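The file work_22.txt comes next; it holds compact mmCIF, C-alpha atoms.
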# COMPACT_ATOMS: atom_id res chain seq x y z
CA GLY A 9 264.80 146.72 145.55
CA GLY A 10 263.37 143.23 145.10
CA LEU A 11 262.66 141.68 141.76
CA ARG A 12 259.33 143.00 140.53
CA ASN A 13 258.68 140.42 137.84
CA SER A 14 260.34 138.29 135.21
CA LYS A 15 260.52 141.24 132.82
CA HIS A 16 262.83 143.19 135.19
CA GLU A 17 261.63 146.75 134.98
CA PHE A 18 264.93 147.88 136.45
CA THR A 19 268.38 146.44 136.96
CA LEU A 20 269.60 145.65 140.44
CA SER A 21 272.90 146.88 141.81
CA SER A 22 275.56 144.27 142.53
CA GLN A 23 274.85 144.50 146.26
CA GLU A 24 271.11 144.05 145.72
CA TYR A 25 271.82 140.77 143.93
CA VAL A 26 273.96 139.69 146.88
CA HIS A 27 271.03 140.54 149.18
CA GLU A 28 268.56 138.61 146.97
CA LEU A 29 270.78 135.51 146.92
CA ARG A 30 271.33 135.68 150.67
CA SER A 31 267.66 136.10 151.50
CA GLY A 32 266.66 132.52 150.61
CA ILE A 33 264.16 133.33 147.86
CA THR A 34 261.78 130.76 146.32
CA GLU A 35 262.96 128.57 143.43
CA GLU A 36 260.91 130.47 140.84
CA LYS A 37 262.14 133.82 142.09
CA LEU A 38 265.71 132.49 142.16
CA PHE A 39 265.40 131.52 138.49
CA HIS A 40 264.42 135.08 137.47
CA CYS A 41 267.08 136.56 139.76
CA LEU A 42 269.80 134.38 138.17
CA GLU A 43 268.71 135.18 134.63
CA SER A 44 268.83 138.90 135.42
CA LEU A 45 272.20 138.45 137.16
CA ARG A 46 273.62 136.59 134.14
CA VAL A 47 272.72 139.55 131.92
CA SER A 48 274.20 142.03 134.43
CA LEU A 49 277.46 140.06 134.74
CA THR A 50 277.73 139.98 130.95
CA SER A 51 276.90 143.61 130.25
CA ASN A 52 278.40 145.52 133.20
CA PRO A 53 282.04 146.64 133.53
CA VAL A 54 284.61 144.57 135.43
CA SER A 55 284.31 146.89 138.46
CA TRP A 56 280.65 145.80 138.79
CA VAL A 57 281.70 142.13 138.61
CA ASN A 58 284.35 142.83 141.28
CA ASN A 59 281.79 144.40 143.59
CA PHE A 60 279.44 141.48 143.14
CA GLY A 61 282.21 138.91 143.43
CA HIS A 62 283.39 139.73 146.96
CA GLU A 63 280.38 137.94 148.44
CA GLY A 64 278.43 136.96 145.36
CA LEU A 65 280.67 134.17 144.10
CA GLY A 66 280.42 132.31 147.41
CA LEU A 67 276.63 132.67 147.34
CA LEU A 68 276.42 131.30 143.77
CA LEU A 69 278.55 128.30 144.78
CA ASP A 70 276.43 127.78 147.92
CA ALA A 71 273.26 127.75 145.80
CA LEU A 72 274.78 125.33 143.28
CA GLU A 73 276.01 122.99 146.01
CA LYS A 74 272.59 123.00 147.68
CA LEU A 75 270.88 122.07 144.41
CA LEU A 76 273.41 119.38 143.50
CA ASP A 77 272.98 117.85 146.98
CA LYS A 78 269.19 117.76 146.63
CA LYS A 79 267.97 114.15 146.38
CA GLN A 80 264.69 114.87 144.59
CA GLN A 81 265.47 117.16 141.66
CA GLU A 82 262.42 119.09 140.48
CA ASN A 83 262.39 120.59 137.01
CA ILE A 84 262.91 124.10 138.45
CA ASP A 85 265.96 122.82 140.38
CA LYS A 86 267.55 121.63 137.14
CA LYS A 87 266.77 124.95 135.46
CA ASN A 88 268.34 126.83 138.36
CA GLN A 89 271.46 124.65 138.25
CA HIS A 90 271.87 125.50 134.59
CA LYS A 91 271.34 129.22 135.29
CA LEU A 92 273.97 129.09 138.05
CA ILE A 93 276.47 127.55 135.62
CA GLN A 94 275.66 130.34 133.14
CA CYS A 95 276.22 132.94 135.86
CA LEU A 96 279.59 131.39 136.76
CA LYS A 97 280.53 131.41 133.07
CA ALA A 98 279.62 135.10 132.79
CA PHE A 99 281.44 135.86 136.06
CA MET A 100 284.70 134.29 134.86
CA ASN A 101 284.67 136.14 131.55
CA ASN A 102 287.39 138.50 132.80
CA LYS A 103 290.74 138.10 134.55
CA TYR A 104 289.39 138.95 138.01
CA GLY A 105 286.47 136.53 137.78
CA LEU A 106 288.63 133.75 136.38
CA GLN A 107 291.19 134.10 139.18
CA ARG A 108 288.46 134.20 141.82
CA ILE A 109 286.81 131.03 140.52
CA LEU A 110 290.10 129.17 140.18
CA GLY A 111 291.06 130.39 143.64
CA ASP A 112 287.98 128.88 145.27
CA GLU A 113 288.53 125.19 145.98
CA ARG A 114 284.82 124.37 145.77
CA SER A 115 284.27 125.69 142.27
CA LEU A 116 286.12 122.93 140.39
CA LEU A 117 284.46 120.18 142.43
CA LEU A 118 280.99 121.66 141.89
CA LEU A 119 281.65 122.05 138.16
CA ALA A 120 282.86 118.43 138.02
CA ARG A 121 279.64 117.38 139.78
CA ALA A 122 277.62 119.35 137.21
CA ILE A 123 278.91 117.09 134.40
CA ASP A 124 275.51 115.44 134.17
CA PRO A 125 274.66 113.65 130.89
CA LYS A 126 270.95 113.79 131.81
CA GLN A 127 271.07 117.59 131.57
CA THR A 128 272.57 118.14 128.15
CA SER A 129 272.48 121.96 127.97
CA MET A 130 274.00 122.40 131.42
CA MET A 131 276.64 119.74 130.78
CA THR A 132 277.59 121.37 127.46
CA GLU A 133 278.35 124.67 129.19
CA THR A 134 280.10 122.96 132.11
CA VAL A 135 282.53 120.97 129.97
CA LYS A 136 283.24 124.09 127.89
CA ILE A 137 284.22 125.93 131.08
CA LEU A 138 286.51 123.09 132.15
CA SER A 139 288.13 123.01 128.69
CA ALA A 140 288.79 126.74 128.97
CA PHE A 141 290.41 126.20 132.38
CA CYS A 142 292.75 123.58 130.90
CA ILE A 143 293.82 125.98 128.17
CA ILE A 144 294.11 129.27 130.09
CA GLY A 145 294.48 128.12 133.68
CA GLU A 146 297.67 128.13 135.72
CA GLU A 147 300.36 125.48 135.83
CA ASN A 148 298.79 122.90 138.14
CA ILE A 149 295.20 123.34 136.93
CA LEU A 150 295.13 119.92 135.24
CA ASP A 151 295.88 118.14 138.52
CA LYS A 152 293.14 120.13 140.27
CA ILE A 153 290.56 119.33 137.55
CA LEU A 154 291.45 115.63 137.55
CA ALA A 155 291.23 115.53 141.36
CA ALA A 156 287.79 117.21 141.25
CA MET A 157 286.58 114.76 138.59
CA THR A 158 287.83 111.82 140.63
CA ILE A 159 285.97 112.97 143.77
CA ALA A 160 282.79 113.76 141.81
CA ALA A 161 282.84 110.33 140.13
CA GLU A 162 283.43 108.51 143.41
CA ARG A 163 280.25 110.08 144.80
CA ASN A 164 278.34 108.34 142.01
CA ASN A 165 280.41 105.12 142.00
CA LYS A 166 281.53 105.82 138.44
CA GLU A 167 284.88 105.91 136.67
CA ARG A 168 286.08 109.49 136.58
CA PHE A 169 285.70 109.95 132.80
CA ALA A 170 282.48 107.93 132.43
CA SER A 171 280.13 110.95 132.29
CA ILE A 172 282.20 112.69 129.61
CA VAL A 173 282.18 109.54 127.47
CA GLU A 174 278.44 109.17 128.10
CA GLY A 175 277.90 112.75 126.92
CA LEU A 176 279.82 111.95 123.76
CA GLU A 177 277.44 109.04 123.07
CA ASN A 178 274.41 111.34 122.94
CA HIS A 179 273.72 111.60 119.21
CA GLU A 180 270.69 113.82 119.89
CA ALA A 181 272.94 116.56 121.32
CA GLN A 182 275.64 117.44 118.79
CA GLN A 183 276.88 120.50 120.67
CA LEU A 184 277.41 118.33 123.74
CA GLN A 185 279.35 115.78 121.66
CA VAL A 186 281.64 118.50 120.31
CA ALA A 187 282.14 120.00 123.80
CA CYS A 188 282.96 116.57 125.29
CA MET A 189 285.49 115.81 122.57
CA GLN A 190 286.97 119.27 123.10
CA LEU A 191 287.39 118.56 126.83
CA ILE A 192 288.93 115.15 126.14
CA ASN A 193 291.47 116.85 123.86
CA ALA A 194 292.14 119.62 126.38
CA LEU A 195 292.77 117.11 129.17
CA VAL A 196 294.85 114.67 127.13
CA THR A 197 297.08 117.27 125.47
CA SER A 198 297.67 119.34 128.64
CA PRO A 199 300.57 117.36 130.19
CA ASP A 200 304.10 117.97 128.93
CA ASP A 201 304.97 114.46 130.05
CA LEU A 202 304.48 111.83 127.32
CA ASP A 203 303.72 109.01 129.78
CA PHE A 204 301.00 111.06 131.45
CA ARG A 205 299.40 111.96 128.10
CA ILE A 206 299.34 108.29 127.08
CA HIS A 207 297.97 107.32 130.50
CA LEU A 208 295.06 109.80 130.27
CA ARG A 209 294.27 108.87 126.66
CA ASN A 210 294.23 105.15 127.50
CA GLU A 211 291.99 105.81 130.49
CA PHE A 212 289.45 107.46 128.16
CA LEU A 213 289.75 104.65 125.59
CA ARG A 214 289.20 101.99 128.27
CA CYS A 215 286.24 103.95 129.61
CA GLY A 216 284.28 103.37 126.38
CA LEU A 217 285.82 105.93 124.03
CA LYS A 218 287.43 103.23 121.89
CA LYS A 219 284.03 101.68 121.20
CA ILE A 220 282.30 105.01 120.52
CA LEU A 221 284.82 106.69 118.20
CA PRO A 222 283.96 104.63 115.07
CA GLU A 223 280.23 105.15 115.71
CA LEU A 224 280.31 108.96 115.90
CA LYS A 225 278.33 110.73 113.18
CA GLU A 226 280.85 113.17 111.85
CA THR A 227 279.83 116.79 111.60
CA GLU A 228 282.24 119.55 110.62
CA GLU A 229 282.81 120.72 114.22
CA LEU A 230 283.13 117.22 115.61
CA ASP A 231 285.41 116.27 112.74
CA ILE A 232 287.92 118.96 113.79
CA GLN A 233 288.02 117.60 117.37
CA LEU A 234 288.38 113.98 116.20
CA LYS A 235 291.22 115.02 113.90
CA VAL A 236 292.99 116.74 116.83
CA PHE A 237 292.55 113.59 118.95
CA ASN A 238 293.92 111.27 116.26
CA GLU A 239 296.82 113.55 115.29
CA ASN A 240 297.97 113.88 118.90
CA LYS A 241 297.64 110.15 119.41
CA GLU A 242 299.79 109.57 116.33
CA GLU A 243 302.43 112.10 117.42
CA ASP A 244 302.67 110.48 120.85
CA SER A 245 303.07 107.03 119.24
CA ILE A 246 305.96 108.35 117.15
CA GLU A 247 307.58 109.99 120.19
CA LEU A 248 307.21 106.76 122.15
CA SER A 249 308.75 104.64 119.37
CA HIS A 250 311.72 107.06 119.13
CA ARG A 251 312.23 106.73 122.84
CA LEU A 252 312.12 102.92 122.62
CA ASP A 253 314.62 103.05 119.75
CA ASP A 254 316.98 105.09 121.94
CA ILE A 255 316.62 102.62 124.81
CA ARG A 256 317.25 99.72 122.43
CA ALA A 257 320.37 101.41 121.05
CA GLU A 258 321.69 101.99 124.56
CA MET A 259 321.14 98.33 125.42
CA GLU A 260 322.81 97.08 122.24
CA TYR A 261 325.84 99.38 122.43
CA PRO A 262 326.31 100.21 126.11
CA PHE A 263 330.09 100.65 125.82
CA VAL A 264 329.92 103.01 122.88
CA LEU A 265 328.00 105.49 125.05
CA ILE A 266 330.46 105.17 127.93
CA TYR A 267 333.59 105.64 125.84
CA ARG A 268 332.22 108.28 123.50
Taking this structure as input, can you express it in the form of structure tokens?
Amino acid sequence: GGLRNSKHEFTLSSQEYVHELRSGITEEKLFHCLESLRVSLTSNPVSWVNNFGHEGLGLLLDALEKLLDKKQQENIDKKNQHKLIQCLKAFMNNKYGLQRILGDERSLLLLARAIDPKQTSMMTETVKILSAFCIIGEENILDKILAAMTIAAERNNKERFASIVEGLENHEAQQLQVACMQLINALVTSPDDLDFRIHLRNEFLRCGLKKILPELKETEELDIQLKVFNENKEEDSIELSHRLDDIRAEMEYPFVLIYR
């Protein structure tokens, strides 16, 4: 069954969605298909998501890649990109979907490429997904996300955190600002290693964050994220100064340590 109209008089089965996505439908039809799919992924049981996911995830990523590669972005293309991100978000809202997305090497790179400050709604959802990955993903997820961001930024001749900082500067889009600050916190607090945390934080500060922080209009939500950033920065400074004290003590009393 094809899609009759934008009102969707009936719901498609998971395999019918796969067929629709594979059939190379027009942009307008794709938009309605994706909106219907988003609802189905959200409201159906995990078994339905599994059935769709076998082939469906690859098709969603194919469609997203095709749109991101498109030189001339029409308005409908941007809308479809956003819908694809929403579908991916709905798809990963269970353990199976999350593992499948994290298991596909393309997904992180495509999400990193979708961090587009010109498309505020899409970027808001994208950075929220990446924050969630940092928090609930497996051990080496941070390295994978950073690698994806590096590759995505190189395509645009930008520094890898430039788009996130740019999103934070957008005072018209408060939800985007909060989401960007949330991602900054998720990335910076992820490493167990103090040096790596300081390195990432300094990279953000050099990338324009230092200049922006005092200018941010504080809302309640943003305030929480800024507090988290500052508290972690302070804790790391204390840990670093303790470490330097230990090194200094070792240098001043080297023999005490040997003969203890």
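Using only C-alpha atoms, the nearest neighbour of A:Asp85 within the list A:Asp200, A:Gln127, A:Pro53, A:Leu65 is A:Gln127.
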(message) Measuring between only C-alpha atoms, which one of A:Glu258, A:Glu177, A:Glu211, A:Glu242 shows the shortest distance to A:Pro125?
(response) A:Glu177
(request) Check the smallest atom-to-atom distance from each of A:Arg256, A:Lys37, A:Lys136, A:Lys235 to A:Leu221 using all atoms listed in the file, then report the winner. (result)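 For A:Leu221, the nearest of the candidates is A:Lys235.
Atom CA of A:Asn240 is positioned 18.7 Å from atom CA of A:Cys215.
Relative to atom CA of A:Leu118, atom CA of A:Glu162 is found at 13.5 Å.
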(message) Here is a test: counting all atoms listed in the file, which residue of A:Val57, A:Leu75, A:Ile143, A:Leu20 is nearest to A:Glu35?
(response) A:Leu75
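Interatomic distance, atom CA of A:Ala140 to atom CA of A:Gln190: 9.7 Å.
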(request) Show which residues sit within 8 Å of A:Asn88, as a list in words. Count only C-alpha atoms, and ignore same-chain residues fewer than 3 positions away. (result) Glu35, Leu38, Phe39, Leu42, Ile84, Asp85, Lys91 and Leu92 of chain A
What does the file look like for those residues with C-alpha atoms, as a PDB file, keeping the file's coordinate frame?
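Wrote part.pdb, looks like this:
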ATOM      1  CA  GLU A  35     262.960 128.570 143.430  1.00  0.00           C
ATOM      2  CA  LEU A  38     265.710 132.490 142.160  1.00  0.00           C
ATOM      3  CA  PHE A  39     265.400 131.520 138.490  1.00  0.00           C
ATOM      4  CA  LEU A  42     269.800 134.380 138.170  1.00  0.00           C
ATOM      5  CA  ILE A  84     262.910 124.100 138.450  1.00  0.00           C
ATOM      6  CA  ASP A  85     265.960 122.820 140.380  1.00  0.00           C
ATOM      7  CA  LYS A  91     271.340 129.220 135.290  1.00  0.00           C
ATOM      8  CA  LEU A  92     273.970 129.090 138.050  1.00  0.00           C
TER       9      LEU A  92
END
(message) I want to know what sits within 12 Å of A:Gly111, based on all atoms listed in the file, with residues of the same chain fewer than 6 positions away left out; could you give that as number ranges by chain?
(response) A: 65-66, 100, 103-105, 145-146, 149, 152
(message) Given all atoms listed in the file as the basis, pick out the residue of A:Ile123, A:Asp254, A:Gly216, A:Leu230 nearest to A:Asn164.
(response)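 Closest to A:Asn164 of all the choices is A:Ile123.
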(request) Would you mind listing what lies within 12 Å of A:Leu96 as JSON, numbers by chain, with all atoms listed in the file counted and same-chain residues fewer than 4 positions away left out? (result) {"A": [42, 43, 45, 46, 47, 49, 50, 57, 60, 61, 64, 65, 66, 67, 68, 69, 71, 72, 89, 90, 91, 92, 100, 101, 102, 105, 106, 108, 109, 110, 115, 116, 118, 119, 130, 133, 134, 137, 138]}
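Taking all atoms listed in the file into account, A:Asn83 lies nearest to A:Glu36 out of the set A:Asn165, A:Glu260, A:Ala122, A:Glu36.
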